[in-house]
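J.: I am attaching a structure below and will ask some questions about it afterwards.
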Amino acid sequence: MSMQSWSQEPTAAIDTVSRPGAGKDAVKLIVCSALGIFMFFIPITYQEKTSIPLDHLVTIVRSLLGPVVPWLLLALIAFGTARPFSQGTWRASTTKTIFALLNIVGFIAAILMMTSPPSWLDQPGVGPFLWGTLVGSVGLIVPIGAIFLGFLIGFGLMEFVGVFVRPVMKPLWKTPGRSAVDAVASFVGSYSLGLFLTNRVYKSGGYTAKEAAIIAVGFSTVSVTFMVVVANALSIMDYWLLYFFTSLVVTYLVTAVLVRIPPLSRIPDEYYPGVTPQPEKAVGRDKFKVAWAQARATLQASPGIAATMWLNFKDGLLMASSVLPSIMSVGLIGILLGRHTPLFDWVGWLLYPFTWVAGIADPAGAGKAVALGYVEMFLPASAIGPEADLTTRFIIAVVCVSAVIFLSAMVPSILATDIPLKFWQLTVIWFERVVLSIVLTAPIAHLLL
């Protein structure tokens, strides 16, 4: 997918407005962008379930393929496990070596889940959760969603929107204007698709390493559908709108703080090696003309709708094959550590001062519950349960979302991209996000509930 228009000077870009075929290009921009927006942002009700169309499409595909789905997922895991060894990338760094070996563990765990899992693996919340819930959803939503991501990034929408929102995105989150579409897609849609989108733009020269990292750990949180699951588990659906918008605001505020402190602030502001940088240019006037000209230049550089969909689908398959083995291995190790070691009890005590300051009724219990969120974002909700007081449940529900990073899927997904984030950095950023989320959410909960 070409994104050459990002390097265009605004004044030169305006010259493209008068080129022939403007009407046809405008229709293509509107139709393609509308389809992308519809698939990722417009909730609809299908068979008594309300979600974005992409989620419904994945459900339909899953039902049509039926018993074939687990075998397709196992094939993706096998391919993803073998690929680092066949290409020799497992030697590139210590991290890649470790994850290549962990992929083997994930592949073995997947085979066991497909055949006769041992009792310790077949327990609820362990193997069935990783294989049935996480692998089953990520393995389908990444390649299927990738097909439609092209409509958001390949036909001018990001360039058009970026011109107008750059004055907001740059000073607050230190990311270019085009990242607004990425940020919203990452928050409302799926973290895995958000990371796929971010990685594509980074490798195309649209983001620097720092900008890609900020978006990856700042906006790529769980989907709205997962938020509904958390809200139901904690019995706060009566406060759904307050919960949704508080989560959104807190997530974005925390990110605004983190971009100014280590480790995010120290990530190099450099473009992907070997790529032609495509920085945004500041636009002072004629914003609409410049926005349309840059969007049109991207349209004309596009290989076409069918080719764009096919290229994205192939990239989606590759990313899914990289992520799924790690989910089965890293996720499994994290869950077992949480269940059978005091590790997260210790982390919970580190969080105790902040849960106490937040006025939570049981600060020690809340600290441990929040610590479990590093393993899997849903665990804090299941640990607290609907029996806790409303304020505690609301704070925990928001932290589940705004913490962003978790071992069962998010960490493997980030490490499977080309974005230069290390495991220790993700761990520190998770802790920073949790602390800030608790501190920012508590006053809202005490005032409005």
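Starting from 1 in every chain, residues are counted up; chains themselves are A, B, ... following the order of the structure tokens, and ligands are numbered from 1 as listed.
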Can you pull out the residues contacting Leu193 in chain A? Cut-off 10 Å, using only C-alpha atoms, and skip same-chain residues under 3 positions away; I want them as number ranges by chain.
T.: A: 138, 141-146, 149, 182, 185-186, 189-190, 196-199, 220, 316, 319-320, 413
J.: Do you know which residues are at most 9 Å from Ser179 in chain A counting only C-alpha atoms, after dropping those on the same chain fewer than 6 positions away, and could you put them as a VMD selection string?
T.: chain A and resid 158 162 166 169 198 207 211 215
J.: Please produce an output containing N, CA, C and O atoms for each residue in the selection, written as an mmCIF file, in the first residue's frame.
T.:
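Output file result_3.cif is given in full below:
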```cif
data_model
loop_
_atom_site.group_PDB
_atom_site.id
_atom_site.type_symbol
_atom_site.label_atom_id
_atom_site.label_comp_id
_atom_site.auth_asym_id
_atom_site.auth_seq_id
_atom_site.Cartn_x
_atom_site.Cartn_y
_atom_site.Cartn_z
ATOM 1 N N MET A 158 -7.138 9.084 6.365
ATOM 2 C CA MET A 158 -6.184 9.510 7.389
ATOM 3 C C MET A 158 -5.535 10.837 7.024
ATOM 4 O O MET A 158 -5.330 11.701 7.886
ATOM 5 N N GLY A 162 -6.189 14.132 9.145
ATOM 6 C CA GLY A 162 -4.961 14.560 9.798
ATOM 7 C C GLY A 162 -4.684 16.044 9.701
ATOM 8 O O GLY A 162 -4.163 16.655 10.642
ATOM 9 N N ARG A 166 -4.336 17.788 13.483
ATOM 10 C CA ARG A 166 -2.925 17.887 13.877
ATOM 11 C C ARG A 166 -2.694 18.904 14.995
ATOM 12 O O ARG A 166 -1.904 18.642 15.918
ATOM 13 N N MET A 169 -3.612 16.769 18.136
ATOM 14 C CA MET A 169 -2.836 15.555 18.385
ATOM 15 C C MET A 169 -1.377 15.850 18.726
ATOM 16 O O MET A 169 -0.813 15.252 19.650
ATOM 17 N N THR A 198 -1.214 0.499 13.193
ATOM 18 C CA THR A 198 -0.072 1.313 13.618
ATOM 19 C C THR A 198 1.225 0.816 12.989
ATOM 20 O O THR A 198 2.046 1.602 12.508
ATOM 21 N N TYR A 207 4.813 7.147 10.654
ATOM 22 C CA TYR A 207 5.098 7.405 12.070
ATOM 23 C C TYR A 207 6.583 7.186 12.333
ATOM 24 O O TYR A 207 7.221 6.347 11.691
ATOM 25 N N GLU A 211 6.368 7.794 17.875
ATOM 26 C CA GLU A 211 4.944 7.995 17.596
ATOM 27 C C GLU A 211 4.198 6.663 17.548
ATOM 28 O O GLU A 211 3.100 6.534 18.102
ATOM 29 N N ILE A 215 1.180 5.399 20.235
ATOM 30 C CA ILE A 215 -0.140 4.922 19.808
ATOM 31 C C ILE A 215 -0.372 3.495 20.286
ATOM 32 O O ILE A 215 -1.462 3.150 20.765
#
```
J.: Which polymer residues have any atom within 8 Å of an atom of Leu234 in chain A, counting only C-alpha atoms, with same-chain residues fewer than 6 positions away left out, as a ChimeraX atom specification?
T.: /A:381-382,384-386,393-394,397
J.: Enumerate as a PyMOL selection string all residues of range 259-440 of chain A assigned to helix (DSSP H, G or I) by DSSP on the backbone, naming them with the chain letters and numbers the document uses.
T.: chain A and resi 264-266+287-301+305-340+343-357+363-372+379-384+390-402+410-415+423-440
J.: Could you pull the residues within 9 Å of Leu264 in chain A, counting only C-alpha atoms, minus those fewer than 3 positions along the same chain, as an mmCIF file with N, CA and C atoms, in the first residue's frame?
T.:
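Ended up saving to selection_31.cif:
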```cif
data_model
loop_
_atom_site.group_PDB
_atom_site.id
_atom_site.type_symbol
_atom_site.label_atom_id
_atom_site.label_comp_id
_atom_site.auth_asym_id
_atom_site.auth_seq_id
_atom_site.Cartn_x
_atom_site.Cartn_y
_atom_site.Cartn_z
ATOM 1 N N LYS A 210 8.915 6.548 18.037
ATOM 2 C CA LYS A 210 8.266 7.085 19.238
ATOM 3 C C LYS A 210 6.767 7.250 19.026
ATOM 4 N N ALA A 213 5.075 3.903 19.058
ATOM 5 C CA ALA A 213 5.045 3.364 20.415
ATOM 6 C C ALA A 213 3.971 4.048 21.253
ATOM 7 N N ILE A 214 3.844 5.359 21.112
ATOM 8 C CA ILE A 214 2.827 6.108 21.860
ATOM 9 C C ILE A 214 1.436 5.598 21.512
ATOM 10 N N LEU A 258 2.088 10.105 29.961
ATOM 11 C CA LEU A 258 3.169 9.141 29.727
ATOM 12 C C LEU A 258 4.099 9.541 28.593
ATOM 13 N N VAL A 259 3.603 10.281 27.617
ATOM 14 C CA VAL A 259 4.480 10.675 26.507
ATOM 15 C C VAL A 259 5.573 11.638 26.970
ATOM 16 N N ARG A 260 5.425 12.171 28.177
ATOM 17 C CA ARG A 260 6.373 13.160 28.686
ATOM 18 C C ARG A 260 7.327 12.599 29.743
ATOM 19 N N ILE A 261 7.205 11.305 30.052
ATOM 20 C CA ILE A 261 8.076 10.695 31.054
ATOM 21 C C ILE A 261 8.657 9.383 30.495
ATOM 22 N N ILE A 267 12.155 6.902 23.776
ATOM 23 C CA ILE A 267 12.192 6.105 22.553
ATOM 24 C C ILE A 267 12.611 7.005 21.396
ATOM 25 N N GLN A 425 10.107 -2.336 29.147
ATOM 26 C CA GLN A 425 9.438 -1.050 28.951
ATOM 27 C C GLN A 425 7.919 -1.206 29.074
ATOM 28 N N ILE A 429 5.572 0.714 31.744
ATOM 29 C CA ILE A 429 4.462 1.527 31.233
ATOM 30 C C ILE A 429 3.144 1.033 31.803
#
```
J.: Calculated over only C-alpha atoms, which of the candidates A:Arg62, A:Ile42, A:Glu48, A:Val201 has the smallest distance to Gly150 in chain A?
T.: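 Under the stated criterion, the closest residue is A:Val201.
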J.: Write out as a PyMOL selection string each polymer residue whose atoms come within 8 Å of range 23-36 of chain A, counting only C-alpha atoms; drop sequence neighbours fewer than 6 positions from it.
T.: chain A and resi 148-152+155-157+295-296+299
J.: For the residues selected in the previous step, produce a file with C-alpha atoms as a short mmCIF file (atom, residue, chain, number, x, y, z; two decimals), in the first residue's frame.
T.:
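Result saved to again26.cif:
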```
data_model
loop_
_atom_site.label_atom_id
_atom_site.label_comp_id
_atom_site.auth_asym_id
_atom_site.auth_seq_id
_atom_site.Cartn_x
_atom_site.Cartn_y
_atom_site.Cartn_z
CA PHE A 148 -11.29 -3.59 5.79
CA LEU A 149 -8.47 -1.60 7.39
CA GLY A 150 -7.44 -0.63 3.88
CA PHE A 151 -10.55 1.51 3.65
CA LEU A 152 -9.34 3.55 6.64
CA PHE A 155 -7.89 5.80 0.28
CA GLY A 156 -7.15 9.18 1.85
CA LEU A 157 -9.20 9.29 5.06
CA ALA A 295 -6.25 12.56 0.31
CA ARG A 296 -6.56 12.57 -3.48
CA LEU A 299 -6.19 7.71 -3.73
#
```
J.: CA of Ile414 in chain A to CA of Ala212 in chain A: how many Å, to one decimal?
T.: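 Value for the CA of Ile414 in chain A-CA of Ala212 in chain A distance: 10.6 Å.
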J.: Using only C-alpha atoms, which residues sit within 10 Å of Phe79 in chain A once same-chain residues fewer than 3 positions away are excluded, as JSON, numbers by chain?
T.: {"A": [73, 74, 75, 76, 82, 83, 84, 86, 107, 318, 321, 322, 325]}
J.: So which one's closest to Ser326 in chain A, A:Val135, A:Leu57, A:Val434, A:Val257? Using only C-alpha atoms, please.
T.: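 Of A:Val135, A:Leu57, A:Val434, A:Val257, the one nearest Ser326 in chain A, counting only C-alpha atoms, is A:Val135.
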J.: Quick one: residues within 12 Å of Arg433 in chain A, only C-alpha atoms counted, chain neighbours fewer than 4 positions away excluded, as an MDAnalysis selection string?
T.: chainID A and resid 217:219 221 250:259 261 264 351 370:371 373:374 398:406 426:429 437:441
J.: Can you list, as a short mmCIF file (atom, residue, chain, number, x, y, z; two decimals) with C-alpha atoms, in the first residue's frame, every residue of range 7-230 of chain A that DSSP puts in strand (DSSP E)?
T.:
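Result file is result_36.cif:
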```
data_model
loop_
_atom_site.label_atom_id
_atom_site.label_comp_id
_atom_site.auth_asym_id
_atom_site.auth_seq_id
_atom_site.Cartn_x
_atom_site.Cartn_y
_atom_site.Cartn_z
CA ILE A 44 -25.54 -2.33 14.78
CA THR A 45 -27.78 -5.06 16.18
CA TYR A 46 -27.62 -8.49 14.59
CA LYS A 49 -26.34 -8.66 19.73
CA THR A 50 -25.17 -5.06 19.41
CA SER A 51 -21.63 -4.58 18.18
#
```
J.: Please indicate the distance in Å from CA of Val163 in chain A to CA of Ala301 in chain A, rounded to one decimal place.
T.: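 Separation of CA of Val163 in chain A and CA of Ala301 in chain A: 18.7 Å.
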J.: Could you check which of A:Ser116, A:Lys422, A:Asp122, A:Asn232 is closest to Ser93 in chain A, using only C-alpha atoms?
T.: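 Looking at the shortest contact to Ser93 in chain A, the residue is A:Lys422.
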